[in-house]
Each structure stands twice: as structure tokens, then as C-alpha cells.
$ cat work_27.tsv   # TSV, C-alpha atoms
chain	number	residue	atom	x	y	z
P	1170	MET	CA	96.49	-139.89	-97.90
P	1171	THR	CA	99.39	-137.57	-97.19
P	1172	ALA	CA	99.52	-134.00	-98.39
P	1173	ASP	CA	102.32	-134.60	-100.91
P	1174	GLU	CA	100.68	-137.53	-102.69
P	1175	ARG	CA	99.55	-136.89	-106.26
P	1176	PHE	CA	96.55	-138.76	-107.59
P	1177	PHE	CA	94.31	-139.11	-110.64
P	1178	LEU	CA	90.54	-139.51	-110.42
P	1179	VAL	CA	89.08	-142.54	-112.21
P	1180	THR	CA	85.51	-142.31	-110.90
P	1181	ASP	CA	84.13	-141.64	-114.38
P	1182	ASP	CA	85.95	-144.58	-115.96
P	1183	ARG	CA	83.61	-147.53	-116.55
P	1184	ALA	CA	86.58	-149.89	-116.30
P	1185	PHE	CA	86.58	-149.14	-112.56
P	1186	GLU	CA	82.89	-149.86	-111.87
P	1187	TRP	CA	84.00	-152.84	-109.76
P	1188	LEU	CA	85.13	-150.29	-107.16
P	1189	ASN	CA	81.47	-150.03	-106.14
P	1190	ARG	CA	81.02	-153.73	-105.39
P	1191	PRO	CA	79.28	-154.06	-102.00
P	1192	GLU	CA	81.89	-156.52	-100.72
P	1193	LEU	CA	84.74	-154.15	-101.54
P	1194	GLN	CA	82.89	-151.21	-100.00
P	1195	THR	CA	82.48	-153.32	-96.85
P	1196	LEU	CA	86.25	-153.82	-96.81
P	1197	PHE	CA	86.88	-150.09	-97.18
P	1198	ALA	CA	84.48	-149.31	-94.33
P	1199	LEU	CA	86.11	-151.97	-92.15
P	1200	ILE	CA	89.69	-150.66	-92.40
P	1201	ASN	CA	89.44	-146.95	-93.25
P	1202	ARG	CA	89.26	-145.79	-89.65
P	1203	ASP	CA	91.33	-144.80	-86.63
P	1204	GLY	CA	93.86	-143.12	-88.89
P	1205	HIS	CA	94.41	-146.20	-91.06
P	1206	GLU	CA	93.69	-146.64	-94.76
P	1207	VAL	CA	93.30	-149.47	-97.25
P	1208	ARG	CA	93.78	-149.23	-101.03
P	1209	VAL	CA	93.45	-151.64	-103.93
P	1210	VAL	CA	96.85	-152.39	-105.40
P	1211	GLY	CA	98.46	-154.30	-108.25
P	1212	GLY	CA	96.65	-156.52	-110.71
P	1213	ALA	CA	93.11	-155.20	-110.42
P	1214	VAL	CA	94.25	-151.61	-111.00
P	1215	ARG	CA	96.66	-152.58	-113.79
P	1216	ASN	CA	94.11	-154.73	-115.62
P	1217	ALA	CA	91.39	-152.10	-115.41
P	1218	LEU	CA	93.72	-149.54	-116.99
P	1219	ILE	CA	94.82	-151.95	-119.72
P	1220	GLY	CA	91.29	-153.13	-120.45
P	1221	GLU	CA	91.88	-156.69	-119.27
P	1222	PRO	CA	89.39	-158.58	-117.04
P	1223	VAL	CA	89.69	-157.84	-113.33
P	1224	GLY	CA	89.89	-160.99	-111.24
P	1225	ASP	CA	91.05	-161.11	-107.63
P	1226	ILE	CA	91.23	-157.79	-105.84
P	1227	ASP	CA	94.31	-157.41	-103.62
P	1228	CYS	CA	94.67	-154.59	-101.15
P	1229	ALA	CA	97.37	-152.83	-99.15
P	1230	THR	CA	96.83	-151.15	-95.80
P	1231	THR	CA	98.61	-149.12	-93.16
P	1232	ALA	CA	96.94	-151.21	-90.44
P	1233	PRO	CA	98.98	-154.08	-88.96
P	1234	PRO	CA	97.68	-157.60	-89.61
P	1235	SER	CA	96.62	-158.15	-85.98
P	1236	LEU	CA	94.38	-155.09	-86.11
P	1237	VAL	CA	92.89	-156.08	-89.46
P	1238	MET	CA	92.03	-159.50	-88.04
P	1239	ASP	CA	90.50	-158.03	-84.88
P	1240	TRP	CA	88.30	-155.68	-86.89
P	1241	ALA	CA	87.19	-158.52	-89.15
P	1242	TRP	CA	86.31	-160.81	-86.25
P	1243	GLU	CA	84.25	-158.03	-84.69
P	1244	GLN	CA	82.12	-157.98	-87.86
P	1245	ASP	CA	81.95	-161.80	-88.10
P	1246	ILE	CA	84.08	-161.73	-91.26
P	1247	ARG	CA	86.04	-164.91	-91.83
P	1248	VAL	CA	89.81	-164.48	-91.66
P	1249	LEU	CA	92.42	-166.73	-93.28
P	1250	PRO	CA	96.03	-166.11	-92.09
P	1251	THR	CA	97.44	-166.86	-95.54
P	1252	GLY	CA	100.80	-165.10	-95.06
P	1253	LEU	CA	101.11	-163.57	-91.63
P	1254	GLU	CA	104.91	-163.54	-91.74
P	1255	HIS	CA	104.65	-161.19	-94.72
P	1256	GLY	CA	101.75	-159.21	-93.28
P	1257	THR	CA	99.07	-160.82	-95.43
P	1258	VAL	CA	95.63	-162.02	-94.37
P	1259	THR	CA	92.68	-163.00	-96.55
P	1260	LEU	CA	89.22	-161.73	-95.64
P	1261	LEU	CA	86.15	-163.56	-96.94
P	1262	ILE	CA	83.32	-161.05	-97.31
P	1263	LYS	CA	80.16	-162.81	-98.49
P	1264	ASP	CA	82.45	-165.57	-99.82
P	1265	VAL	CA	84.47	-163.08	-101.90
P	1266	PRO	CA	88.18	-163.27	-100.95
P	1267	PHE	CA	90.28	-160.14	-100.51
P	1268	GLU	CA	93.99	-160.46	-99.82
P	1269	VAL	CA	95.02	-157.62	-97.51
P	1270	THR	CA	98.72	-156.91	-96.93
P	1271	THR	CA	100.20	-154.40	-94.52
P	1272	LEU	CA	102.59	-151.86	-96.05
P	1273	ARG	CA	106.12	-153.13	-95.68
P	1274	SER	CA	109.74	-152.81	-96.67
P	1275	ASP	CA	112.34	-155.54	-97.15
P	1276	VAL	CA	114.87	-155.79	-94.32
P	1277	GLU	CA	116.82	-158.80	-95.58
P	1278	THR	CA	116.63	-160.91	-98.76
P	1279	ASP	CA	118.57	-163.84	-100.20
P	1280	GLY	CA	116.97	-164.16	-103.62
P	1281	ARG	CA	114.34	-166.63	-102.43
P	1282	HIS	CA	113.04	-165.39	-99.07
P	1283	ALA	CA	112.66	-161.96	-97.50
P	1284	LYS	CA	112.36	-160.58	-93.99
P	1285	VAL	CA	110.06	-157.57	-93.92
P	1286	ALA	CA	109.24	-154.68	-91.62
P	1287	PHE	CA	105.70	-153.32	-91.47
P	1288	GLY	CA	105.16	-149.61	-92.01
P	1289	SER	CA	102.73	-146.91	-93.08
P	1290	ASN	CA	104.56	-145.23	-95.97
P	1291	TRP	CA	102.97	-145.83	-99.36
P	1292	ALA	CA	106.03	-144.66	-101.30
P	1293	GLU	CA	108.31	-147.08	-99.43
P	1294	ASP	CA	105.87	-149.90	-100.05
P	1295	ALA	CA	105.89	-149.12	-103.76
P	1296	GLN	CA	109.69	-149.22	-103.90
P	1297	ARG	CA	109.79	-152.86	-102.74
P	1298	ARG	CA	107.45	-154.06	-105.51
P	1299	ASP	CA	108.71	-155.55	-108.76
P	1300	PHE	CA	107.35	-153.58	-111.74
P	1301	THR	CA	106.04	-150.05	-112.08
P	1302	MET	CA	102.72	-151.29	-113.48
P	1303	ASN	CA	102.19	-153.25	-110.26
P	1304	ALA	CA	102.79	-150.27	-107.95
P	1305	LEU	CA	99.54	-148.41	-108.62
P	1306	TYR	CA	97.10	-147.85	-105.73
P	1307	LEU	CA	93.38	-147.00	-105.80
P	1308	ASP	CA	91.46	-145.67	-102.80
P	1309	HIS	CA	87.77	-145.89	-101.96
P	1310	GLU	CA	86.96	-142.58	-103.69
P	1311	GLY	CA	88.53	-143.59	-106.99
P	1312	ARG	CA	91.80	-141.72	-106.53
P	1313	LEU	CA	94.65	-143.43	-108.36
P	1314	TYR	CA	98.15	-143.06	-106.89
P	1315	ASP	CA	101.42	-143.64	-108.75
P	1316	PRO	CA	104.24	-143.37	-106.18
P	1317	THR	CA	107.01	-144.31	-108.64
P	1318	GLY	CA	105.86	-141.68	-111.15
P	1319	LEU	CA	106.21	-144.21	-113.99
P	1320	GLY	CA	103.50	-146.80	-113.42
P	1321	LEU	CA	100.60	-145.08	-115.14
P	1322	ALA	CA	102.64	-144.18	-118.22
P	1323	ASP	CA	104.10	-147.69	-118.41
P	1324	VAL	CA	100.66	-149.28	-118.22
P	1325	ARG	CA	99.41	-147.06	-121.04
P	1326	THR	CA	102.37	-147.96	-123.27
P	1327	ARG	CA	102.49	-151.57	-121.97
P	1328	CYS	CA	106.11	-151.24	-120.90
P	1329	VAL	CA	107.37	-153.80	-118.38
P	1330	ARG	CA	109.84	-151.92	-116.20
P	1331	PHE	CA	111.52	-152.82	-112.92
P	1332	ILE	CA	111.18	-150.32	-110.09
P	1333	GLY	CA	114.56	-148.77	-109.47
P	1334	GLU	CA	117.68	-150.76	-110.32
P	1335	ALA	CA	116.72	-154.06	-111.97
P	1336	SER	CA	119.66	-156.03	-110.57
P	1337	LYS	CA	118.69	-155.11	-107.01
P	1338	ARG	CA	115.04	-156.05	-107.56
P	1339	ILE	CA	116.18	-159.40	-108.98
P	1340	GLU	CA	118.57	-160.07	-106.08
P	1341	GLU	CA	115.59	-159.74	-103.73
P	1342	ASP	CA	113.80	-162.58	-105.50
P	1343	TYR	CA	115.31	-164.43	-108.47
P	1344	LEU	CA	111.84	-165.48	-109.61
P	1345	ARG	CA	111.49	-161.91	-110.86
P	1346	VAL	CA	113.60	-162.90	-113.87
P	1347	LEU	CA	110.78	-165.19	-115.01
P	1348	ARG	CA	108.11	-162.75	-113.88
P	1349	PHE	CA	109.70	-160.11	-116.13
P	1350	PHE	CA	109.25	-162.31	-119.19
P	1351	ARG	CA	105.86	-163.55	-118.02
P	1352	PHE	CA	104.57	-159.98	-117.69
P	1353	TYR	CA	106.00	-159.19	-121.11
P	1354	ALA	CA	104.11	-162.21	-122.46
P	1355	GLN	CA	100.85	-161.22	-120.78
P	1356	TYR	CA	100.79	-157.43	-120.85
P	1357	GLY	CA	103.86	-155.93	-122.45
P	1358	LYS	CA	104.86	-154.55	-125.78
P	1359	HIS	CA	108.08	-152.93	-124.60
P	1360	TYR	CA	110.86	-153.26	-122.05
P	1361	THR	CA	114.13	-151.45	-121.41
P	1362	ASP	CA	117.40	-152.91	-122.63
P	1363	GLN	CA	118.88	-152.48	-119.15
P	1364	ASP	CA	116.15	-154.54	-117.53
P	1365	TYR	CA	116.43	-157.27	-120.16
P	1366	GLN	CA	120.19	-157.44	-119.77
P	1367	ALA	CA	119.87	-157.67	-115.98
P	1368	CYS	CA	117.59	-160.70	-116.38
P	1369	ILE	CA	119.98	-162.41	-118.78
P	1370	GLU	CA	122.92	-161.82	-116.45
P	1371	ALA	CA	120.99	-163.26	-113.49
P	1372	GLN	CA	119.67	-166.37	-115.24
P	1373	SER	CA	122.17	-168.72	-113.58
P	1374	ASN	CA	120.43	-168.03	-110.26
P	1375	LEU	CA	117.21	-169.63	-111.47
P	1376	SER	CA	118.64	-172.99	-110.44
P	1377	SER	CA	118.13	-171.95	-106.80
P	1378	LEU	CA	114.36	-171.75	-107.30
P	1379	SER	CA	112.00	-174.65	-106.76
P	1380	ALA	CA	110.76	-176.42	-109.87
P	1381	GLU	CA	107.18	-175.71	-108.79
P	1382	ARG	CA	107.74	-171.93	-108.85
P	1383	VAL	CA	109.47	-172.09	-112.21
P	1384	GLY	CA	106.74	-174.30	-113.65
P	1385	ALA	CA	103.98	-172.00	-112.40
P	1386	GLU	CA	105.56	-168.95	-114.06
P	1387	MET	CA	106.22	-170.76	-117.33
P	1388	THR	CA	102.68	-172.08	-117.68
P	1389	LYS	CA	101.31	-168.58	-117.07
P	1390	LEU	CA	103.77	-167.17	-119.59
P	1391	LEU	CA	102.67	-169.56	-122.33
P	1392	ARG	CA	99.07	-168.36	-122.03
P	1393	GLY	CA	100.05	-164.73	-122.60
P	1394	ALA	CA	98.94	-162.82	-125.67
P	1395	TYR	CA	102.58	-162.05	-126.50
P	1396	ALA	CA	104.02	-165.41	-125.50
P	1397	SER	CA	105.75	-165.93	-128.84
P	1398	ASP	CA	107.65	-162.66	-128.45
P	1399	ALA	CA	108.61	-163.48	-124.87
P	1400	LEU	CA	109.89	-166.93	-125.79
P	1401	GLN	CA	111.92	-165.49	-128.65
P	1402	VAL	CA	113.76	-162.98	-126.46
P	1403	MET	CA	114.30	-165.59	-123.74
P	1404	HIS	CA	115.76	-167.96	-126.32
P	1405	GLY	CA	117.88	-165.15	-127.75
P	1406	GLY	CA	119.35	-164.65	-124.28
P	1407	GLY	CA	120.26	-168.33	-124.02
P	1408	MET	CA	117.94	-169.16	-121.13
P	1409	LEU	CA	114.89	-170.93	-122.56
P	1410	GLY	CA	116.58	-174.23	-123.32
P	1411	ASP	CA	118.06	-174.40	-119.82
P	1412	ILE	CA	114.69	-173.75	-118.19
P	1413	LEU	CA	112.84	-176.37	-120.25
P	1414	ARG	CA	115.83	-178.70	-120.70
P	1415	CYS	CA	115.00	-179.18	-124.35
P	1416	VAL	CA	115.51	-177.55	-127.72
P	1417	PRO	CA	112.43	-175.32	-128.05
P	1418	ARG	CA	110.59	-175.45	-131.37
P	1419	LEU	CA	109.62	-171.81	-131.65
P	1420	GLY	CA	108.44	-172.09	-135.26
P	1421	ARG	CA	105.88	-174.73	-134.32
P	1422	PHE	CA	104.77	-172.64	-131.34
P	1423	ASP	CA	104.27	-169.58	-133.56
P	1424	ARG	CA	102.22	-171.66	-136.01
P	1425	LEU	CA	99.94	-172.89	-133.21
P	1426	VAL	CA	99.44	-169.34	-131.93
P	1427	THR	CA	98.64	-168.09	-135.43
P	1428	LEU	CA	96.19	-170.92	-136.13
P	1429	SER	CA	94.49	-170.44	-132.77
P	1430	ARG	CA	93.98	-166.74	-133.41
P	1431	GLU	CA	92.59	-167.38	-136.87
P	1432	MET	CA	90.16	-169.92	-135.42
P	1433	HIS	CA	89.33	-167.80	-132.34
P	1434	LEU	CA	90.34	-170.64	-130.04
P	1435	THR	CA	92.39	-170.66	-126.84
P	1436	PRO	CA	95.02	-173.43	-126.87
P	1437	SER	CA	95.42	-175.45	-123.68
P	1438	VAL	CA	98.65	-175.40	-121.69
P	1439	PRO	CA	99.39	-179.10	-122.44
P	1440	LEU	CA	99.03	-178.37	-126.16
P	1441	LEU	CA	101.28	-175.30	-125.92
P	1442	LEU	CA	103.93	-177.30	-124.07
P	1443	THR	CA	103.67	-180.22	-126.49
P	1444	VAL	CA	104.11	-178.02	-129.53
P	1445	LEU	CA	107.02	-176.20	-127.90
P	1446	CYS	CA	109.14	-179.10	-126.69
P	1447	VAL	CA	107.44	-182.52	-126.70
P	1448	LYS	CA	107.85	-184.95	-129.59
P	1449	VAL	CA	107.62	-188.38	-127.95
P	1450	GLU	CA	106.26	-189.78	-124.70
P	1451	GLU	CA	109.64	-189.61	-122.97
P	1452	ASP	CA	109.79	-185.85	-123.64
P	1453	ALA	CA	106.46	-185.37	-121.87
P	1454	ALA	CA	107.61	-187.30	-118.81
P	1455	ARG	CA	110.89	-185.38	-118.66
P	1456	LEU	CA	109.21	-181.99	-119.02
P	1457	ALA	CA	106.68	-182.87	-116.31
P	1458	ARG	CA	109.54	-183.68	-113.94
P	1459	THR	CA	111.46	-180.54	-114.89
P	1460	LEU	CA	108.54	-178.17	-114.23
P	1461	ARG	CA	106.77	-180.32	-111.60
P	1462	LEU	CA	103.63	-180.41	-113.72
P	1463	PRO	CA	100.49	-182.19	-112.48
P	1464	ASN	CA	100.12	-185.81	-113.60
P	1465	ARG	CA	96.96	-184.94	-115.53
P	1466	MET	CA	98.95	-182.47	-117.64
P	1467	ARG	CA	101.71	-185.02	-118.26
P	1468	ASP	CA	99.13	-187.64	-119.29
P	1469	HIS	CA	97.42	-185.13	-121.58
P	1470	MET	CA	100.69	-184.46	-123.40
P	1471	ILE	CA	101.37	-188.19	-123.70
P	1472	ARG	CA	97.96	-188.75	-125.28
P	1473	LEU	CA	98.68	-185.98	-127.77
P	1474	VAL	CA	102.05	-187.27	-128.98
P	1475	ASN	CA	100.85	-190.88	-129.06
P	1476	GLY	CA	97.54	-190.10	-130.79
P	1477	VAL	CA	98.39	-187.51	-133.42
P	1478	GLY	CA	99.98	-190.06	-135.76
P	1479	ASP	CA	96.70	-191.97	-136.08
P	1480	ILE	CA	94.61	-189.00	-137.25
P	1481	ASP	CA	93.53	-189.45	-140.84
P	1482	ASP	CA	90.21	-187.60	-140.90
P	1483	MET	CA	89.50	-183.96	-140.02
P	1484	SER	CA	85.75	-184.17	-140.62
P	1485	GLU	CA	83.07	-183.67	-137.98
P	1486	GLU	CA	82.69	-187.45	-137.72
P	1487	GLY	CA	86.44	-187.77	-137.35
P	1488	LEU	CA	86.43	-185.27	-134.47
P	1489	GLN	CA	83.61	-187.17	-132.80
P	1490	LYS	CA	85.58	-190.40	-133.01
P	1491	LEU	CA	88.56	-188.70	-131.41
P	1492	ALA	CA	86.32	-187.30	-128.69
P	1493	TYR	CA	84.87	-190.73	-128.00
P	1494	TRP	CA	88.28	-192.30	-127.45
P	1495	HIS	CA	90.11	-189.38	-125.83
P	1496	GLY	CA	87.53	-186.91	-124.51
P	1497	LYS	CA	86.58	-183.59	-126.07
P	1498	ASP	CA	89.50	-181.53	-124.76
P	1499	VAL	CA	92.16	-183.95	-125.99
P	1500	ALA	CA	90.29	-184.37	-129.28
P	1501	ARG	CA	90.42	-180.65	-130.01
P	1502	ASP	CA	94.09	-180.54	-129.06
P	1503	LEU	CA	94.86	-183.52	-131.29
P	1504	ALA	CA	93.21	-181.76	-134.22
P	1505	MET	CA	95.23	-178.60	-133.59
P	1506	LEU	CA	98.44	-180.59	-133.23
P	1507	ALA	CA	97.75	-182.29	-136.57
P	1508	LEU	CA	97.37	-178.84	-138.15
P	1509	VAL	CA	100.65	-177.69	-136.65
P	1510	TYR	CA	102.32	-180.75	-138.16
P	1511	TYR	CA	100.83	-179.81	-141.57
P	1512	LYS	CA	98.97	-183.14	-141.75
P	1513	PHE	CA	95.88	-181.35	-143.07
P	1514	ASP	CA	94.94	-178.07	-144.72
P	1515	PRO	CA	91.22	-177.70	-144.02
P	1516	ASP	CA	88.99	-174.65	-144.13
P	1517	LEU	CA	89.80	-173.14	-140.72
P	1518	THR	CA	86.42	-171.44	-140.32
P	1519	SER	CA	84.58	-174.74	-140.83
P	1520	LEU	CA	86.97	-176.61	-138.56
P	1521	SER	CA	86.58	-174.00	-135.85
P	1522	MET	CA	82.80	-174.37	-136.03
P	1523	MET	CA	83.08	-178.16	-135.85
P	1524	MET	CA	85.22	-177.88	-132.74
P	1525	ARG	CA	82.64	-175.65	-131.10
P	1526	ASN	CA	79.85	-178.02	-132.09
P	1527	LEU	CA	81.75	-180.75	-130.30
P	1528	ASP	CA	80.68	-179.16	-127.00
P	1529	LEU	CA	77.06	-179.96	-127.85
P	1530	TRP	CA	77.78	-183.54	-128.91
P	1531	ASP	CA	76.75	-186.33	-126.55
P	1532	ALA	CA	78.96	-189.38	-126.92
P	1533	PRO	CA	76.85	-192.48	-127.71
P	1534	ILE	CA	76.99	-195.54	-125.48
P	1535	PHE	CA	78.49	-198.74	-126.83
P	1536	PRO	CA	75.52	-201.11	-127.14
P	1537	LEU	CA	77.28	-204.35	-126.14
P	1538	LYS	CA	78.04	-205.70	-122.68
P	1539	GLY	CA	80.00	-208.72	-121.58
P	1540	ARG	CA	76.81	-210.67	-120.94
P	1541	ASP	CA	75.90	-210.31	-124.62
P	1542	LEU	CA	78.98	-212.35	-125.53
P	1543	ILE	CA	78.43	-215.05	-122.94
P	1544	ALA	CA	75.62	-216.39	-125.13
P	1545	PHE	CA	78.26	-217.17	-127.77
P	1546	GLY	CA	80.32	-219.23	-125.41
P	1547	ILE	CA	82.88	-216.56	-124.56
P	1548	LYS	CA	83.82	-216.91	-120.93
P	1549	PRO	CA	84.61	-213.83	-118.80
P	1550	GLY	CA	88.30	-212.98	-118.96
P	1551	PRO	CA	90.94	-211.65	-121.34
P	1552	LYS	CA	89.33	-213.25	-124.41
P	1553	MET	CA	86.03	-211.52	-123.76
P	1554	GLY	CA	87.87	-208.23	-123.27
P	1555	GLU	CA	89.59	-208.64	-126.65
P	1556	TRP	CA	86.26	-209.34	-128.37
P	1557	LEU	CA	84.62	-206.30	-126.78
P	1558	ARG	CA	87.49	-204.01	-127.73
P	1559	ASP	CA	87.48	-205.27	-131.33
P	1560	LEU	CA	83.74	-204.82	-131.65
P	1561	GLU	CA	83.82	-201.39	-130.04
P	1562	GLN	CA	86.47	-200.33	-132.55
P	1563	LEU	CA	84.27	-201.67	-135.36
P	1564	TRP	CA	81.27	-199.77	-133.97
P	1565	VAL	CA	83.18	-196.48	-133.73
P	1566	GLU	CA	84.54	-196.87	-137.27
P	1567	SER	CA	80.96	-197.34	-138.49
P	1568	GLY	CA	80.20	-193.87	-137.21
P	1569	PHE	CA	78.49	-195.34	-134.15
P	1570	ALA	CA	75.83	-196.67	-136.54
P	1571	MET	CA	75.97	-200.44	-135.96
P	1572	GLY	CA	73.40	-201.77	-133.51
P	1573	LYS	CA	73.65	-204.69	-131.14
P	1574	ALA	CA	72.25	-207.17	-133.68
P	1575	SER	CA	74.73	-206.16	-136.38
P	1576	LEU	CA	77.64	-206.36	-133.97
P	1577	LEU	CA	76.57	-209.77	-132.68
P	1578	ALA	CA	76.14	-210.99	-136.25
P	1579	ARG	CA	79.72	-209.92	-136.98
P	1580	LYS	CA	80.79	-211.80	-133.89
P	1581	ARG	CA	78.88	-214.89	-135.02
P	1582	LEU	CA	80.67	-214.84	-138.40
P	1583	ARG	CA	84.07	-214.59	-136.75
P	1584	HIS	CA	83.49	-217.07	-133.94

$ encode --input "work_27.tsv" --output "C-alpha cells"
Amino acid sequence: MTADERFFLVTDDRAFEWLNRPELQTLFALINRDGHEVRVVGGAVRNALIGEPVGDIDCATTAPPSLVMDWAWEQDIRVLPTGLEHGTVTLLIKDVPFEVTTLRSDVETDGRHAKVAFGSNWAEDAQRRDFTMNALYLDHEGRLYDPTGLGLADVRTRCVRFIGEASKRIEEDYLRVLRFFRFYAQYGKHYTDQDYQACIEAQSNLSSLSAERVGAEMTKLLRGAYASDALQVMHGGGMLGDILRCVPRLGRFDRLVTLSREMHLTPSVPLLLTVLCVKVEEDAARLARTLRLPNRMRDHMIRLVNGVGDIDDMSEEGLQKLAYWHGKDVARDLAMLALVYYKFDPDLTSLSMMMRNLDLWDAPIFPLKGRDLIAFGIKPGPKMGEWLRDLEQLWVESGFAMGKASLLARKRLRH
């Protein structure tokens, strides 16, 4: 700490009790020596102040990466060189990962990549970060530093604000356009008109980003508490359709968010994407290519759009049938999608309880095997497969009530 640094004590704040975790204290003891210092920075500090859960704890230090690694090896702490070119190493302390990055400043940027110089000035390090709420530092004694002078106030009012001139921050990394709206979706209630306008003016540069980076930001954005607001302002600026390459259905998205809140449920990302811009199977495939989504997410969306038209029962038995054919996660999403489409108007409290009860439901096992049909002269092959599928459908429609004898008797009548 330098003499001119102002700080605020948070030692009495229960939201910062994680500061006393033994693994983190080990990290402090490891690096706070020989004139060097390490502080927690970014998300953990921001979330603690907002009242959000604290996940990964990232740190910044004046020590160069080579020295951090040497000190860790001396203490038999595992080191992962996760980003040496940017001064970042990950230390595993009792299997808890801590990302430690040396203070730095940008020397050269092209909107996608940056060359950095390592340093020891906390204020300079803060100036190269994206938003004021991410440039808050916490030391081992619970002293909170706000080098920009705006971060603490912006966290308290949930204002997403670029550090310095927004256009310059964006030119350093064009992904910050999406990060601006993602942070607004997750944490924000306010932003400045200048920052918003800078994002809109820079949107054409998003085409230079990889689809994977765009897809990662968008999926995080959709999970935000204020995602509807973020999507609205993105659409108002003419950028949402270009990013998704579709006509977004914001009204349907808002309805899903409202229903989910009323039912105290958290919608899945595939369901959010489906409601927003997927109507048929081809839409799901195109969106998956556009955002480089995992195949499992693409397949989930396809099952939703192909299955929602067949839903004709929103009872507990109906949900169990859906879960049998599609799995519990897809079944819940299918039910929510049917509600968004106004196919049903059930009591939401009861439906929410039924969805939760689905977690405790064990899917029954179809009582027939291929060998049971051989006795009726059905040879192994496509014909046997057709019979088994027909009888399984009959068994499910019976509420899983028909036993082997009843199913075989139905087979005998039809054979």
C-alpha cells in the first residue's frame, strides 16, 4: 500500500467472511513479502458488495509471474501457467484455484489481442480494466481500495460504467461491447448514455470476434436477472438481430422470465434461447452454428421445438410421461415452453410444485424385452422393434400401469 491510497475497512461486513478462508490466507502469506503485495480484485469484491454469491476468487499482485511460481513451488503448491503471456498463473491451494495476475498496463491493442507490460502501480492497473465495478481491490486486512474513485459508488447504485473514455476501452477489446450489456443484465440497473452510445457505434466490430466468444457472452447475458432489459436496449440499438441472426421475440422472452419468477424456477439456457429465437428445428441448428453452441444444447432446443406441439396434458402424470420420453430437464422446459405459447393456463403454484416433485420421481422400467415377443413368432429385426415401440407407447399412455401379461395379451389380440 502506498501512502496516497485511500481505503475503506470491510472487516465487520459479514459479506466478506470469505476473506478468512484458510486457503486464501495461505495465498496472502505466500505473496505478501519482500516488498510485494497481493489483493483480491474484481468479481469476488463486486459480488460481496452487491450481495451476490462469491465464486472464484481472482487476485492481482505486484510480484512478477516467475516469482509467484517460484514461491509456490517452494511450498509444494501446484502451479498452472494459465496465461503467462498476460501475467496470469493459477495456484491450487488444497484444490482451491486462485487466479493470480501481475499488475499490468496495455502497451498495444487491436481490439482482439493486447500486449502488456508488467508493473507495480495499482492505479495504472485499474485504468486498464473495463468497468469501475471491476476495479475494486481488497487486501488481507480487509481494506477496500477504489483507485478510479467511482467503483464503490457504482456498485452500490448498480451502475455499469466504463473506466475512462468508453470508446478507448472498447477499442482495446471489442468484446467489451457485449460485456457491457452482459454486466447490465447480471448486475446493473443503470448505465450512462455516453457508454451506451459508444457500444452502439462500435457494434460493427463484433464481426471480428470469434463466434465462441460471442456465444459465451450471450449465454451468460441471458441468465442475468435483468436480461429482459438488456435485450431490449440491445434491440433498440439495432444490434441484437445481427448477433443472433434472427428476429428476436422479446415478448415471448419476457413472458418466460415472468412465469419463471412467479414459479420460483430458473429457466435453462436452451429454453431461454428457444423462446427468444427458435421456432423450428432449422432455427436451432442455425443458432447453434452462429454462437458455436455445444451439440447437447442444440439437441435440447430441437427436442423442445419438436415436442411442444404434442403436449396435451399439464398434470403430474403428464409431466411424468414427458420425463420418461425426454428426461426430466427437457420435460420441465417443454412444460414452460407450452405455457409461453399459451397452450395452458394452470395454477402456477401447483405446477411449480409438480415440477419440483419430478426430481423425486424414479422413471419405471418398461416390463417387456425382445425375448418376450419371440414366443409369439416375432423374429429379431425391424418388425420386433416396431412392436416394442408400439407396446411401450401403450404402456406409457396407461400411466405405466399395464404389466407384462396385459401387454402380451394386447399383442396376442393384434398378432

$ atom_distance --input "work_27.tsv" --atom1 "CA of Phe1545 (chain P)" --atom2 "CA of Leu1577 (chain P)"
9.0 Å

$ closest_residue --input "work_27.tsv" --among "P:Gly1476, P:Gly1384, P:Gly1405, P:Pro1417" --to "Leu1462 (chain P)" --atoms "only C-alpha atoms"
P:Gly1384

$ atom_distance --input "work_27.tsv" --atom1 "CA of Asp1498 (chain P)" --atom2 "CA of Ala1396 (chain P)"
21.7 Å

$ closest_atom_pairs --input "work_27.tsv" --of "region 1481-1527 of chain P" --to "region 1533-1541 of chain P" --cutoff "12 Å" --atoms "all atoms listed in the file" --output "Markdown table"
| residue | atom | partner | partner_atom | distance |
| --- | --- | --- | --- | --- |
| P:Gln1489 | CA | P:Pro1533 | CA | 10.0 |
| P:Lys1490 | CA | P:Pro1533 | CA | 10.4 |
| P:Ala1492 | CA | P:Pro1533 | CA | 10.8 |
| P:Tyr1493 | CA | P:Pro1533 | CA | 8.2 |
| P:Trp1494 | CA | P:Pro1533 | CA | 11.4 |

$ residues_around --input "work_27.tsv" --residues "region 1442-1450 of chain P" --least-positions-apart "3" --cutoff "6 Å" --atoms "only C-alpha atoms" --output "VMD selection string"
chain P and resid 1417 to 1418 1422 1439 1453 1471 1474

$ residues_around --input "work_27.tsv" --residues "Leu1344 (chain P)" --least-positions-apart "6" --cutoff "12 Å" --atoms "all atoms listed in the file" --output "MDAnalysis selection string"
chainID P and resid 1279:1282 1299 1338 1350:1351 1368 1371:1387

$ residues_near_point --input "work_27.tsv" --point "(88.3, -140.6, -105.7)" --cutoff "6 Å" --atoms "only C-alpha atoms" --output "VMD selection string"
chain P and resid 1178 1310 to 1312

$ closest_residue --input "work_27.tsv" --among "P:Asp1398, P:Asp1479, P:Glu1341, P:Asp1264" --to "Gly1420 (chain P)" --atoms "only C-alpha atoms"
P:Asp1398

$ closest_residue --input "work_27.tsv" --among "P:Pro1222, P:Pro1234, P:Pro1191, P:Pro1266" --to "Gly1252 (chain P)" --atoms "all atoms listed in the file"
P:Pro1234

$ closest_residue --input "work_27.tsv" --among "P:Asn1201, P:Gln1363, P:Thr1326, P:Thr1317" --to "Leu1218 (chain P)" --atoms "only C-alpha atoms"
P:Thr1326

$ atom_distance --input "work_27.tsv" --atom1 "CA of Val1402 (chain P)" --atom2 "CA of Leu1419 (chain P)"
11.0 Å

$ closest_residue --input "work_27.tsv" --among "P:Ile1480, P:Met1432, P:Val1207, P:Leu1193" --to "Leu1520 (chain P)" --atoms "only C-alpha atoms"
P:Met1432

$ closest_residue --input "work_27.tsv" --among "P:Tyr1353, P:Phe1177, P:Ala1229, P:His1255" --to "Gly1318 (chain P)" --atoms "all atoms listed in the file"
P:Phe1177
